[in-house]
file upload24.pdb (PDB, C-alpha atoms)
ATOM      1  CA  MET A 366     -19.408  -6.181   6.945
ATOM      2  CA  ALA A 367     -17.270  -7.768   4.327
ATOM      3  CA  VAL A 368     -15.130 -10.810   4.751
ATOM      4  CA  CYS A 369     -12.833 -10.129   1.842
ATOM      5  CA  ILE A 370     -12.210  -7.092  -0.330
ATOM      6  CA  ALA A 371     -10.175  -7.127  -3.508
ATOM      7  CA  VAL A 372      -9.157  -4.541  -6.078
ATOM      8  CA  ILE A 373      -8.376  -5.999  -9.480
ATOM      9  CA  ALA A 374      -6.606  -4.119 -12.226
ATOM     10  CA  LYS A 375      -7.726  -3.831 -15.793
ATOM     11  CA  GLU A 376      -5.439  -6.670 -16.792
ATOM     12  CA  ASN A 377      -7.053  -8.892 -14.171
ATOM     13  CA  TYR A 378      -4.267  -9.073 -11.664
ATOM     14  CA  PRO A 379      -4.873  -8.098  -8.078
ATOM     15  CA  LEU A 380      -3.811  -4.695  -6.869
ATOM     16  CA  TYR A 381      -5.030  -5.286  -3.372
ATOM     17  CA  ILE A 382      -6.549  -8.214  -1.524
ATOM     18  CA  ARG A 383      -7.462  -8.188   2.102
ATOM     19  CA  SER A 384      -9.441 -10.827   3.928
ATOM     20  CA  VAL A 385     -10.409 -11.540   7.472
ATOM     21  CA  PRO A 386      -7.291 -13.193   8.824
ATOM     22  CA  THR A 387      -8.750 -16.130  10.666
ATOM     23  CA  GLU A 388     -10.155 -17.765   7.593
ATOM     24  CA  ASN A 389      -8.239 -19.577   4.942
ATOM     25  CA  GLU A 390      -7.054 -16.730   2.777
ATOM     26  CA  LEU A 391      -6.340 -18.908  -0.209
ATOM     27  CA  LYS A 392      -9.996 -19.822  -0.424
ATOM     28  CA  PHE A 393     -10.896 -16.156  -0.749
ATOM     29  CA  HIS A 394      -8.247 -15.561  -3.363
ATOM     30  CA  TYR A 395      -9.769 -18.404  -5.322
ATOM     31  CA  THR A 396     -13.290 -17.079  -4.903
ATOM     32  CA  VAL A 397     -12.251 -13.653  -6.119
ATOM     33  CA  HIS A 398     -10.422 -15.136  -9.056
ATOM     34  CA  THR A 399     -13.385 -17.163 -10.186
ATOM     35  CA  SER A 400     -15.709 -14.220  -9.752
ATOM     36  CA  LEU A 401     -13.691 -12.327 -12.350
ATOM     37  CA  ASP A 402     -15.277 -14.486 -15.035
ATOM     38  CA  VAL A 403     -18.710 -13.415 -13.921
ATOM     39  CA  VAL A 404     -17.587  -9.801 -13.918
ATOM     40  CA  ASP A 405     -16.316 -10.072 -17.467
ATOM     41  CA  GLU A 406     -19.568 -11.648 -18.510
ATOM     42  CA  LYS A 407     -21.569  -8.816 -17.024
ATOM     43  CA  ILE A 408     -19.338  -6.178 -18.587
ATOM     44  CA  SER A 409     -19.670  -7.653 -22.036
ATOM     45  CA  ALA A 410     -23.398  -7.942 -21.574
ATOM     46  CA  MET A 411     -23.596  -4.201 -20.911
ATOM     47  CA  GLY A 412     -22.152  -3.583 -24.334
ATOM     48  CA  LYS A 413     -22.137   0.001 -25.441
ATOM     49  CA  ALA A 414     -24.653   1.139 -22.848
ATOM     50  CA  LEU A 415     -24.088   4.480 -21.198
ATOM     51  CA  VAL A 416     -22.071   3.964 -18.074
ATOM     52  CA  ASP A 417     -23.644   5.615 -15.085
ATOM     53  CA  GLN A 418     -23.526   5.018 -11.378
ATOM     54  CA  ARG A 419     -26.079   2.233 -11.459
ATOM     55  CA  GLU A 420     -24.180   0.288 -14.045
ATOM     56  CA  LEU A 421     -20.867   0.658 -12.303
ATOM     57  CA  TYR A 422     -22.335  -1.461  -9.572
ATOM     58  CA  LEU A 423     -22.692  -4.991 -10.837
ATOM     59  CA  GLY A 424     -24.618  -6.387  -7.918
ATOM     60  CA  LEU A 425     -24.570  -9.907  -6.655
ATOM     61  CA  LEU A 426     -22.213 -11.873  -8.856
ATOM     62  CA  TYR A 427     -22.979 -15.285  -7.488
ATOM     63  CA  PRO A 428     -23.954 -16.773  -4.169
ATOM     64  CA  THR A 429     -22.291 -19.766  -2.653
ATOM     65  CA  GLU A 430     -23.582 -21.578   0.353
ATOM     66  CA  ASP A 431     -21.384 -19.601   2.743
ATOM     67  CA  TYR A 432     -20.764 -16.364   0.965
ATOM     68  CA  LYS A 433     -22.141 -13.837  -1.434
ATOM     69  CA  VAL A 434     -19.899 -12.085  -3.878
ATOM     70  CA  TYR A 435     -20.583  -8.559  -5.100
ATOM     71  CA  GLY A 436     -18.864  -6.718  -7.884
ATOM     72  CA  TYR A 437     -18.277  -3.137  -9.014
ATOM     73  CA  VAL A 438     -16.362  -1.934 -12.028
ATOM     74  CA  THR A 439     -15.030   1.558 -12.632
ATOM     75  CA  ASN A 440     -14.877   3.410 -15.909
ATOM     76  CA  SER A 441     -11.221   2.536 -16.191
ATOM     77  CA  LYS A 442     -12.089  -1.159 -15.879
ATOM     78  CA  VAL A 443     -10.680  -1.539 -12.409
ATOM     79  CA  LYS A 444     -12.824  -4.020 -10.535
ATOM     80  CA  PHE A 445     -13.730  -4.136  -6.896
ATOM     81  CA  VAL A 446     -14.886  -7.479  -5.563
ATOM     82  CA  MET A 447     -16.401  -7.887  -2.146
ATOM     83  CA  VAL A 448     -17.185 -11.162  -0.412
ATOM     84  CA  VAL A 449     -19.692 -11.019   2.414
ATOM     85  CA  ASP A 450     -20.912 -13.631   4.787
ATOM     86  CA  SER A 451     -24.217 -15.173   3.760
ATOM     87  CA  SER A 452     -25.367 -15.368   7.344
ATOM     88  CA  ASN A 453     -25.213 -11.604   7.539
ATOM     89  CA  THR A 454     -28.617 -11.026   5.995
ATOM     90  CA  ALA A 455     -28.934  -7.576   7.481
ATOM     91  CA  LEU A 456     -26.748  -6.147   4.739
ATOM     92  CA  ARG A 457     -28.921  -4.421   2.178
ATOM     93  CA  ASP A 458     -28.165  -3.488  -1.353
ATOM     94  CA  ASN A 459     -27.815   0.180  -0.458
ATOM     95  CA  GLU A 460     -25.203  -0.575   2.111
ATOM     96  CA  ILE A 461     -23.194  -2.595  -0.355
ATOM     97  CA  ARG A 462     -23.440   0.238  -2.840
ATOM     98  CA  SER A 463     -22.230   2.758  -0.303
ATOM     99  CA  MET A 464     -19.338   0.518   0.643
ATOM    100  CA  PHE A 465     -18.328   0.322  -2.984
ATOM    101  CA  ARG A 466     -18.630   4.059  -3.319
ATOM    102  CA  LYS A 467     -16.301   4.533  -0.360
ATOM    103  CA  LEU A 468     -13.863   2.093  -1.921
ATOM    104  CA  HIS A 469     -14.012   3.965  -5.186
ATOM    105  CA  ASN A 470     -13.376   7.294  -3.480
ATOM    106  CA  SER A 471     -10.384   5.927  -1.611
ATOM    107  CA  TYR A 472      -9.092   4.410  -4.809
ATOM    108  CA  THR A 473      -9.248   7.744  -6.617
ATOM    109  CA  ASP A 474      -7.365   9.353  -3.750
ATOM    110  CA  ILE A 475      -4.616   6.798  -4.210
ATOM    111  CA  MET A 476      -4.516   7.416  -7.933
ATOM    112  CA  CYS A 477      -3.958  11.116  -7.246
ATOM    113  CA  ASN A 478      -0.850  10.391  -5.222
ATOM    114  CA  PRO A 479       1.991  11.468  -7.511
ATOM    115  CA  PHE A 480       4.253   8.733  -6.236
ATOM    116  CA  TYR A 481       1.813   5.965  -7.085
ATOM    117  CA  ASN A 482       2.272   4.401 -10.494
ATOM    118  CA  PRO A 483      -0.939   2.947 -11.917
ATOM    119  CA  GLY A 484      -0.541  -0.791 -11.939
ATOM    120  CA  ASP A 485       1.466  -0.988  -8.732
ATOM    121  CA  ARG A 486       0.185  -2.840  -5.728
ATOM    122  CA  ILE A 487      -1.706  -0.576  -3.403
ATOM    123  CA  GLN A 488       0.241   0.149  -0.244
ATOM    124  CA  SER A 489      -1.544   3.005   1.401
ATOM    125  CA  ARG A 490      -2.270   3.382   5.066
ATOM    126  CA  ALA A 491      -5.405   5.391   4.474
ATOM    127  CA  PHE A 492      -6.766   2.721   2.171
ATOM    128  CA  ASP A 493      -5.940   0.010   4.705
ATOM    129  CA  THR A 494      -7.735   1.924   7.439
ATOM    130  CA  MET A 495     -10.800   2.359   5.294
ATOM    131  CA  VAL A 496     -10.872  -1.302   4.310
ATOM    132  CA  ASN A 497     -10.377  -2.379   7.905
ATOM    133  CA  SER A 498     -13.371  -0.342   8.900
ATOM    134  CA  MET A 499     -15.438  -2.292   6.393
ATOM    135  CA  MET A 500     -14.251  -5.738   7.314
ATOM    136  CA  MET A 501     -15.921  -7.827   9.920
ATOM    137  CA  GLN A 502     -14.691  -7.266  13.401
ATOM    138  CA  VAL A 503     -13.191 -10.621  14.282
ATOM    139  CA  CYS A 504     -11.268 -10.851  17.498
TER
ATOM    140  CA  MET B1268      -0.589  49.584 -22.282
ATOM    141  CA  SER B1269      -0.965  45.900 -22.713
ATOM    142  CA  ARG B1270      -4.433  45.777 -21.223
ATOM    143  CA  SER B1271      -7.433  47.642 -22.577
ATOM    144  CA  PRO B1272      -8.570  50.205 -20.022
ATOM    145  CA  GLY B1273     -12.172  49.055 -19.794
ATOM    146  CA  ARG B1274     -11.407  45.509 -18.841
ATOM    147  CA  LYS B1275     -11.644  44.667 -15.153
ATOM    148  CA  GLN B1276      -8.964  42.565 -13.552
ATOM    149  CA  GLU B1277     -10.620  39.181 -13.595
ATOM    150  CA  ASN B1278      -9.686  36.461 -11.196
ATOM    151  CA  HIS B1279      -9.173  33.510 -13.449
ATOM    152  CA  LYS B1280      -9.785  30.447 -11.379
ATOM    153  CA  ILE B1281      -8.511  27.057 -12.315
ATOM    154  CA  SER B1282      -9.218  23.849 -10.544
ATOM    155  CA  ARG B1283      -7.278  23.257  -7.369
ATOM    156  CA  GLU B1284      -6.978  19.579  -8.125
ATOM    157  CA  LEU B1285      -5.354  20.354 -11.438
ATOM    158  CA  PHE B1286      -2.765  22.527  -9.752
ATOM    159  CA  VAL B1287      -2.020  20.013  -7.007
ATOM    160  CA  LEU B1288      -1.790  17.152  -9.495
ATOM    161  CA  THR B1289       0.493  19.199 -11.747
ATOM    162  CA  TYR B1290       2.817  19.937  -8.859
ATOM    163  CA  GLY B1291       2.779  16.279  -7.876
ATOM    164  CA  ALA B1292       3.603  15.207 -11.393
ATOM    165  CA  LEU B1293       6.466  17.697 -11.423
ATOM    166  CA  VAL B1294       7.946  16.307  -8.220
ATOM    167  CA  ALA B1295       7.443  12.709  -9.325
ATOM    168  CA  GLN B1296       9.186  13.369 -12.617
ATOM    169  CA  LEU B1297      12.096  15.073 -10.865
ATOM    170  CA  CYS B1298      12.369  12.040  -8.610
ATOM    171  CA  LYS B1299      12.650   9.857 -11.675
ATOM    172  CA  ASP B1300      15.254  12.128 -13.255
ATOM    173  CA  TYR B1301      17.522  12.554 -10.243
ATOM    174  CA  GLU B1302      18.702   9.817  -7.961
ATOM    175  CA  LYS B1303      19.627  11.896  -4.958
ATOM    176  CA  ASP B1304      17.096  13.731  -2.847
ATOM    177  CA  GLU B1305      19.419  16.711  -2.523
ATOM    178  CA  ASP B1306      19.432  17.144  -6.283
ATOM    179  CA  VAL B1307      15.657  17.097  -6.416
ATOM    180  CA  ASN B1308      15.453  19.581  -3.572
ATOM    181  CA  ALA B1309      17.979  21.880  -5.257
ATOM    182  CA  CYS B1310      16.109  21.690  -8.536
ATOM    183  CA  LEU B1311      12.797  22.516  -6.877
ATOM    184  CA  ASP B1312      14.451  25.432  -5.120
ATOM    185  CA  ARG B1313      15.843  26.774  -8.396
ATOM    186  CA  MET B1314      12.469  26.488 -10.048
ATOM    187  CA  GLY B1315      10.841  28.225  -7.141
ATOM    188  CA  TYR B1316      13.422  30.973  -7.305
ATOM    189  CA  SER B1317      12.687  31.693 -10.928
ATOM    190  CA  ILE B1318       8.973  31.752 -10.141
ATOM    191  CA  GLY B1319       9.538  34.044  -7.157
ATOM    192  CA  ILE B1320      11.475  36.688  -9.012
ATOM    193  CA  ARG B1321       8.558  36.994 -11.410
ATOM    194  CA  LEU B1322       5.763  36.530  -8.954
ATOM    195  CA  ILE B1323       6.801  39.431  -6.756
ATOM    196  CA  ASP B1324       5.727  41.977  -9.333
ATOM    197  CA  ASP B1325       2.339  40.376  -9.677
ATOM    198  CA  PHE B1326       1.995  40.304  -5.923
ATOM    199  CA  LEU B1327       2.945  43.936  -5.472
ATOM    200  CA  ALA B1328       0.608  44.990  -8.230
ATOM    201  CA  ARG B1329      -2.349  43.067  -6.911
ATOM    202  CA  SER B1330      -1.918  43.754  -3.249
ATOM    203  CA  ALA B1331      -0.651  47.342  -3.394
ATOM    204  CA  VAL B1332       0.956  47.031  -0.006
ATOM    205  CA  LYS B1333       3.169  49.672   1.451
ATOM    206  CA  LYS B1334       6.858  49.184   1.976
ATOM    207  CA  CYS B1335       7.541  47.060   5.006
ATOM    208  CA  ARG B1336       9.569  48.753   7.669
ATOM    209  CA  SER B1337      10.800  45.746   9.517
ATOM    210  CA  TYR B1338      11.532  42.109   9.027
ATOM    211  CA  SER B1339       8.592  41.083  11.131
ATOM    212  CA  GLU B1340       6.266  43.160   8.993
ATOM    213  CA  THR B1341       7.687  41.447   5.949
ATOM    214  CA  ALA B1342       7.131  38.029   7.441
ATOM    215  CA  ASP B1343       3.581  38.948   8.364
ATOM    216  CA  MET B1344       2.995  40.221   4.862
ATOM    217  CA  ILE B1345       4.211  36.968   3.362
ATOM    218  CA  ALA B1346       2.036  34.902   5.622
ATOM    219  CA  GLN B1347      -1.150  36.888   5.685
ATOM    220  CA  VAL B1348      -1.285  38.419   2.248
ATOM    221  CA  ALA B1349       0.875  36.415  -0.115
ATOM    222  CA  PHE B1350       0.033  32.916   1.049
ATOM    223  CA  LYS B1351      -3.626  33.862   1.277
ATOM    224  CA  MET B1352      -3.595  35.265  -2.223
ATOM    225  CA  TYR B1353      -1.839  32.407  -3.944
ATOM    226  CA  LEU B1354      -2.517  29.310  -1.921
ATOM    227  CA  GLY B1355      -5.567  30.242   0.061
ATOM    228  CA  VAL B1356      -4.043  29.379   3.422
ATOM    229  CA  THR B1357      -2.758  31.643   6.158
ATOM    230  CA  PRO B1358       0.195  30.304   8.069
ATOM    231  CA  SER B1359       0.934  31.650  11.492
ATOM    232  CA  VAL B1360       4.141  33.587  12.006
ATOM    233  CA  SER B1361       6.467  33.268  14.921
ATOM    234  CA  CYS B1362       9.770  34.963  15.532
ATOM    235  CA  SER B1363      12.335  32.491  16.619
ATOM    236  CA  SER B1364      15.392  34.560  17.362
ATOM    237  CA  ALA B1365      16.289  37.412  19.641
ATOM    238  CA  THR B1366      17.863  39.437  16.866
ATOM    239  CA  GLY B1367      14.608  39.528  14.961
ATOM    240  CA  ASN B1368      16.121  37.993  11.866
ATOM    241  CA  GLU B1369      14.612  34.554  11.953
ATOM    242  CA  PHE B1370      10.970  33.811  11.497
ATOM    243  CA  SER B1371       8.985  30.721  10.927
ATOM    244  CA  LEU B1372       5.720  30.206   9.141
ATOM    245  CA  ILE B1373       3.691  27.370  10.510
ATOM    246  CA  LEU B1374       1.292  25.791   8.059
ATOM    247  CA  ASP B1375      -1.337  23.525   9.437
ATOM    248  CA  LYS B1376      -2.899  22.956   6.042
ATOM    249  CA  ASN B1377      -0.756  22.658   2.974
ATOM    250  CA  PRO B1378      -2.816  22.347  -0.197
ATOM    251  CA  LEU B1379       0.116  21.085  -2.233
ATOM    252  CA  VAL B1380       0.270  17.829  -0.310
ATOM    253  CA  ASP B1381      -3.440  17.077  -0.468
ATOM    254  CA  PHE B1382      -3.005  13.770  -2.213
ATOM    255  CA  VAL B1383       0.384  12.722  -0.954
ATOM    256  CA  GLU B1384       0.014  10.501   2.056
ATOM    257  CA  GLU B1385       3.635  10.009   2.841
ATOM    258  CA  LEU B1386       6.933  10.124   1.063
ATOM    259  CA  PRO B1387       8.073   6.895  -0.568
ATOM    260  CA  ALA B1388      10.580   4.980   1.504
ATOM    261  CA  GLU B1389      13.527   5.683  -0.750
ATOM    262  CA  ARG B1390      12.876   9.427  -0.715
ATOM    263  CA  ALA B1391      12.973  10.052   2.971
ATOM    264  CA  SER B1392      14.778  13.367   2.818
ATOM    265  CA  LEU B1393      12.829  14.881  -0.029
ATOM    266  CA  CYS B1394      11.416  18.322   0.680
ATOM    267  CA  TYR B1395       8.242  17.972  -1.278
ATOM    268  CA  CYS B1396       7.290  21.652  -1.173
ATOM    269  CA  ASN B1397      10.745  23.044  -1.668
ATOM    270  CA  LEU B1398       9.376  25.069  -4.537
ATOM    271  CA  LEU B1399       7.705  27.303  -1.968
ATOM    272  CA  CYS B1400      11.046  28.030  -0.332
ATOM    273  CA  GLY B1401      12.500  29.056  -3.664
ATOM    274  CA  VAL B1402       9.528  31.282  -4.407
ATOM    275  CA  ILE B1403       9.871  33.125  -1.124
ATOM    276  CA  ARG B1404      13.621  33.467  -1.535
ATOM    277  CA  GLY B1405      13.326  34.803  -5.079
ATOM    278  CA  ALA B1406      10.561  37.218  -4.229
ATOM    279  CA  LEU B1407      12.453  38.623  -1.263
ATOM    280  CA  GLU B1408      15.584  39.015  -3.302
ATOM    281  CA  MET B1409      13.782  41.174  -5.824
ATOM    282  CA  VAL B1410      12.846  43.582  -3.061
ATOM    283  CA  HIS B1411      16.461  43.606  -1.941
ATOM    284  CA  LEU B1412      16.025  41.434   1.107
ATOM    285  CA  ALA B1413      18.425  38.543   1.052
ATOM    286  CA  ALA B1414      17.092  35.587   2.952
ATOM    287  CA  GLU B1415      17.564  31.908   3.450
ATOM    288  CA  VAL B1416      14.396  29.901   3.387
ATOM    289  CA  SER B1417      14.088  26.267   4.234
ATOM    290  CA  PHE B1418      11.796  23.710   5.744
ATOM    291  CA  LEU B1419      12.299  23.206   9.446
ATOM    292  CA  GLN B1420       9.554  20.677   9.960
ATOM    293  CA  ASP B1421       7.527  18.723   7.462
ATOM    294  CA  ARG B1422       4.355  16.801   8.045
ATOM    295  CA  LEU B1423       5.251  14.403   5.295
ATOM    296  CA  LYS B1424       8.333  13.394   7.214
ATOM    297  CA  GLY B1425       6.402  12.704  10.353
ATOM    298  CA  ASP B1426       6.569  16.009  12.194
ATOM    299  CA  ALA B1427       3.488  17.486  13.713
ATOM    300  CA  VAL B1428       3.293  20.576  11.539
ATOM    301  CA  THR B1429       4.898  22.000   8.460
ATOM    302  CA  GLU B1430       7.223  24.852   9.296
ATOM    303  CA  ILE B1431       9.086  27.101   6.892
ATOM    304  CA  GLY B1432      11.981  29.040   8.354
ATOM    305  CA  ILE B1433      12.958  32.410   6.910
ATOM    306  CA  THR B1434      16.287  33.854   7.995
ATOM    307  CA  PHE B1435      16.929  37.375   6.844
ATOM    308  CA  LEU B1436      20.565  37.942   6.081
ATOM    309  CA  ARG B1437      21.855  41.397   6.653
ATOM    310  CA  LYS B1438      20.598  43.848   4.106
ATOM    311  CA  PRO B1439      23.160  45.138   1.659
ATOM    312  CA  GLU B1440      24.170  48.795   2.050
ATOM    313  CA  ASP B1441      21.142  50.602   3.327
ATOM    314  CA  ARG B1442      19.983  52.950   0.682
ATOM    315  CA  LYS B1443      17.339  55.247   1.983
ATOM    316  CA  HIS B1444      14.318  55.462  -0.245
ATOM    317  CA  ARG B1445      12.638  58.346   1.396
ATOM    318  CA  ARG B1446       9.818  59.898  -0.461
ATOM    319  CA  ASN B1447       9.862  63.604  -0.702
ATOM    320  CA  LYS B1448       7.030  64.677   1.469
TER
END
call {"tool": "encode", "arguments": {"input": "upload24.pdb", "output": "structure tokens"}}
result
Amino acid sequence: MAVCIAVIAKENYPLYIRSVPTENELKFHYTVHTSLDVVDEKISAMGKALVDQRELYLGLLYPTEDYKVYGYVTNSKVKFVMVVDSSNTALRDNEIRSMFRKLHNSYTDIMCNPFYNPGDRIQSRAFDTMVNSMMMQVC
Amino acid sequence: MSRSPGRKQENHKISRELFVLTYGALVAQLCKDYEKDEDVNACLDRMGYSIGIRLIDDFLARSAVKKCRSYSETADMIAQVAFKMYLGVTPSVSCSSATGNEFSLILDKNPLVDFVEELPAERASLCYCNLLCGVIRGALEMVHLAAEVSFLQDRLKGDAVTEIGITFLRKPEDRKHRRNK
């Protein structure tokens, strides 16, 4: 279960950020922002390699003492960043990958909406529902 | 003849997503061009009308249906044959007036709105699929059945189902087309 999920546009501004409400949201915004550097580093390291499903998923970007940050970049250079709780060790790589795949699918559905202009903030109920299902259940 | 006799009538399939996205782009562009929802709706209706007057010939050629004897037969034909042929869905028909002039087609699945979640806030009275109304109106007019077609309910506006209402206006002077038996 994620603690914070963010969708970042190609130009590195956020299209969507949602975090577990009890925590200090600013801290998560900061974490996501700093993780963008790591993402850029990984993208440039890939170079001209063929982009396939494995390389869309960037894996663990960097661990902090409380959290682990995972990244995923699409072919159109839209980045998904997910922050998960470090204490939640039950989360395996496959699960993170499948969460990113679900995010990617929902994102493509939003892109297909004719009233959505690429580059706008994401304001979709279906996307919110899907993200909520992935966030930690905090009462 | 425009077609060579040996060639079978092929069903050229294109991608459904392409069609739905094209329609969406059309509506989105109309929304940018016109400020008022009524103008967009009217424009979609006009476009649908010009499609309908042409589509009817294709429909009659491909389905080879017999002449409908009553309005309810016509409505059934539209729902079960035409919608199935062109959109792949079969709405259910209900007659909503005692005189037998008004029918409604209830669509529980509308492929055109696959990707549209809800209408944007400033376009609350947009009839997204108004093109369909124009198509039906145009097609009926070419078989000499004047009708008014409009959306009675729309899922995009929050109703439970999407309902298209067809009201047959009185036929112009009844000319009997009896075949010589």
call {"tool": "closest_atom_pairs", "arguments": {"input": "upload24.pdb", "of": "chain B", "to": "chain A", "cutoff": "8 Å", "atoms": "only C-alpha atoms", "output": "tab-separated table"}}
result
residue	atom	partner	partner_atom	distance
B:Leu1288	CA	A:Cys477	CA	6.8
B:Gly1291	CA	A:Pro479	CA	4.9
B:Ala1292	CA	A:Pro479	CA	5.6
B:Val1294	CA	A:Pro479	CA	7.7
B:Ala1295	CA	A:Pro479	CA	5.9
B:Phe1382	CA	A:Asn478	CA	5.0
B:Val1383	CA	A:Asn478	CA	5.0
B:Glu1384	CA	A:Asn478	CA	7.3
B:Leu1386	CA	A:Phe480	CA	7.9
B:Pro1387	CA	A:Phe480	CA	7.1
call {"tool": "write_last_selection", "arguments": {"input": "upload24.pdb", "atoms": "C-alpha atoms", "output": "tab-separated table (two decimals), in the frame of the given file"}}
result
chain	number	residue	atom	x	y	z
B	1288	LEU	CA	-1.79	17.15	-9.49
B	1291	GLY	CA	2.78	16.28	-7.88
B	1292	ALA	CA	3.60	15.21	-11.39
B	1294	VAL	CA	7.95	16.31	-8.22
B	1295	ALA	CA	7.44	12.71	-9.32
B	1382	PHE	CA	-3.00	13.77	-2.21
B	1383	VAL	CA	0.38	12.72	-0.95
B	1384	GLU	CA	0.01	10.50	2.06
B	1386	LEU	CA	6.93	10.12	1.06
B	1387	PRO	CA	8.07	6.90	-0.57
call {"tool": "resolve_selection", "arguments": {"input": "upload24.pdb", "expression": "the PyMOL selection byres ((chain B and resi 1306-1319) around 10)", "output": "PyMOL selection string"}}
result
chain B and resi 1293-1305+1320-1326+1390+1392-1409+1416-1417
call {"tool": "write_last_selection", "arguments": {"input": "upload24.pdb", "atoms": "C-alpha atoms", "output": "CSV table (one decimal), keeping the file's coordinate frame"}}
result
chain,number,residue,atom,x,y,z
B,1293,LEU,CA,6.5,17.7,-11.4
B,1294,VAL,CA,7.9,16.3,-8.2
B,1295,ALA,CA,7.4,12.7,-9.3
B,1296,GLN,CA,9.2,13.4,-12.6
B,1297,LEU,CA,12.1,15.1,-10.9
B,1298,CYS,CA,12.4,12.0,-8.6
B,1299,LYS,CA,12.6,9.9,-11.7
B,1300,ASP,CA,15.3,12.1,-13.3
B,1301,TYR,CA,17.5,12.6,-10.2
B,1302,GLU,CA,18.7,9.8,-8.0
B,1303,LYS,CA,19.6,11.9,-5.0
B,1304,ASP,CA,17.1,13.7,-2.8
B,1305,GLU,CA,19.4,16.7,-2.5
B,1320,ILE,CA,11.5,36.7,-9.0
B,1321,ARG,CA,8.6,37.0,-11.4
B,1322,LEU,CA,5.8,36.5,-9.0
B,1323,ILE,CA,6.8,39.4,-6.8
B,1324,ASP,CA,5.7,42.0,-9.3
B,1325,ASP,CA,2.3,40.4,-9.7
B,1326,PHE,CA,2.0,40.3,-5.9
B,1390,ARG,CA,12.9,9.4,-0.7
B,1392,SER,CA,14.8,13.4,2.8
B,1393,LEU,CA,12.8,14.9,0.0
B,1394,CYS,CA,11.4,18.3,0.7
B,1395,TYR,CA,8.2,18.0,-1.3
B,1396,CYS,CA,7.3,21.7,-1.2
B,1397,ASN,CA,10.7,23.0,-1.7
B,1398,LEU,CA,9.4,25.1,-4.5
B,1399,LEU,CA,7.7,27.3,-2.0
B,1400,CYS,CA,11.0,28.0,-0.3
B,1401,GLY,CA,12.5,29.1,-3.7
B,1402,VAL,CA,9.5,31.3,-4.4
B,1403,ILE,CA,9.9,33.1,-1.1
B,1404,ARG,CA,13.6,33.5,-1.5
B,1405,GLY,CA,13.3,34.8,-5.1
B,1406,ALA,CA,10.6,37.2,-4.2
B,1407,LEU,CA,12.5,38.6,-1.3
B,1408,GLU,CA,15.6,39.0,-3.3
B,1409,MET,CA,13.8,41.2,-5.8
B,1416,VAL,CA,14.4,29.9,3.4
B,1417,SER,CA,14.1,26.3,4.2
call {"tool": "closest_residue", "arguments": {"input": "upload24.pdb", "among": "B:Thr1366, B:Ser1359, B:Thr1341, B:Gln1347", "to": "B:Thr1429", "atoms": "all atoms listed in the file"}}
result
B:Ser1359
call {"tool": "residues_around", "arguments": {"input": "upload24.pdb", "residues": "B:Asp1343", "least_positions_apart": "3", "cutoff": "12 Å", "atoms": "all atoms listed in the file", "output": "PyMOL selection string"}}
result
chain B and resi 1332+1335-1340+1346-1351+1357-1362+1370-1373+1433
call {"tool": "atom_distance", "arguments": {"input": "upload24.pdb", "atom1": "atom CA of B:Glu1389", "atom2": "atom CA of A:Ile487"}}
result
16.7 Å
call {"tool": "axis_aligned_box", "arguments": {"input": "upload24.pdb", "around": "stretch 430-443 of chain A", "padding_each_side": "4 Å", "output": "JSON"}}
result
{"center_x": -17.1, "center_y": -9.1, "center_z": -6.7, "size_x": 20.9, "size_y": 33.0, "size_z": 26.9}
call {"tool": "resolve_selection", "arguments": {"input": "upload24.pdb", "expression": "the PyMOL selection byres ((chain B and resi 1434) around 7)", "output": "tab-separated table (two decimals) with C-alpha atoms, in the frame of the given file"}}
result
chain	number	residue	atom	x	y	z
B	1368	ASN	CA	16.12	37.99	11.87
B	1369	GLU	CA	14.61	34.55	11.95
B	1370	PHE	CA	10.97	33.81	11.50
B	1414	ALA	CA	17.09	35.59	2.95
B	1415	GLU	CA	17.56	31.91	3.45
B	1416	VAL	CA	14.40	29.90	3.39
B	1432	GLY	CA	11.98	29.04	8.35
B	1433	ILE	CA	12.96	32.41	6.91
B	1435	PHE	CA	16.93	37.38	6.84
B	1436	LEU	CA	20.56	37.94	6.08
call {"tool": "atom_distance", "arguments": {"input": "upload24.pdb", "atom1": "atom CA of B:Leu1354", "atom2": "atom CA of B:Leu1327"}}
result
16.0 Å
call {"tool": "residues_around", "arguments": {"input": "upload24.pdb", "residues": "A:Ser498", "least_positions_apart": "4", "cutoff": "12 Å", "atoms": "all atoms listed in the file", "output": "number ranges by chain"}}
result
A: 366-368, 370, 383, 385, 464, 467-468, 491-494, 502-503
call {"tool": "residues_around", "arguments": {"input": "upload24.pdb", "residues": "stretch 387-398 of chain A", "least_positions_apart": "6", "cutoff": "12 Å", "atoms": "only C-alpha atoms", "output": "count of residues only"}}
result
34
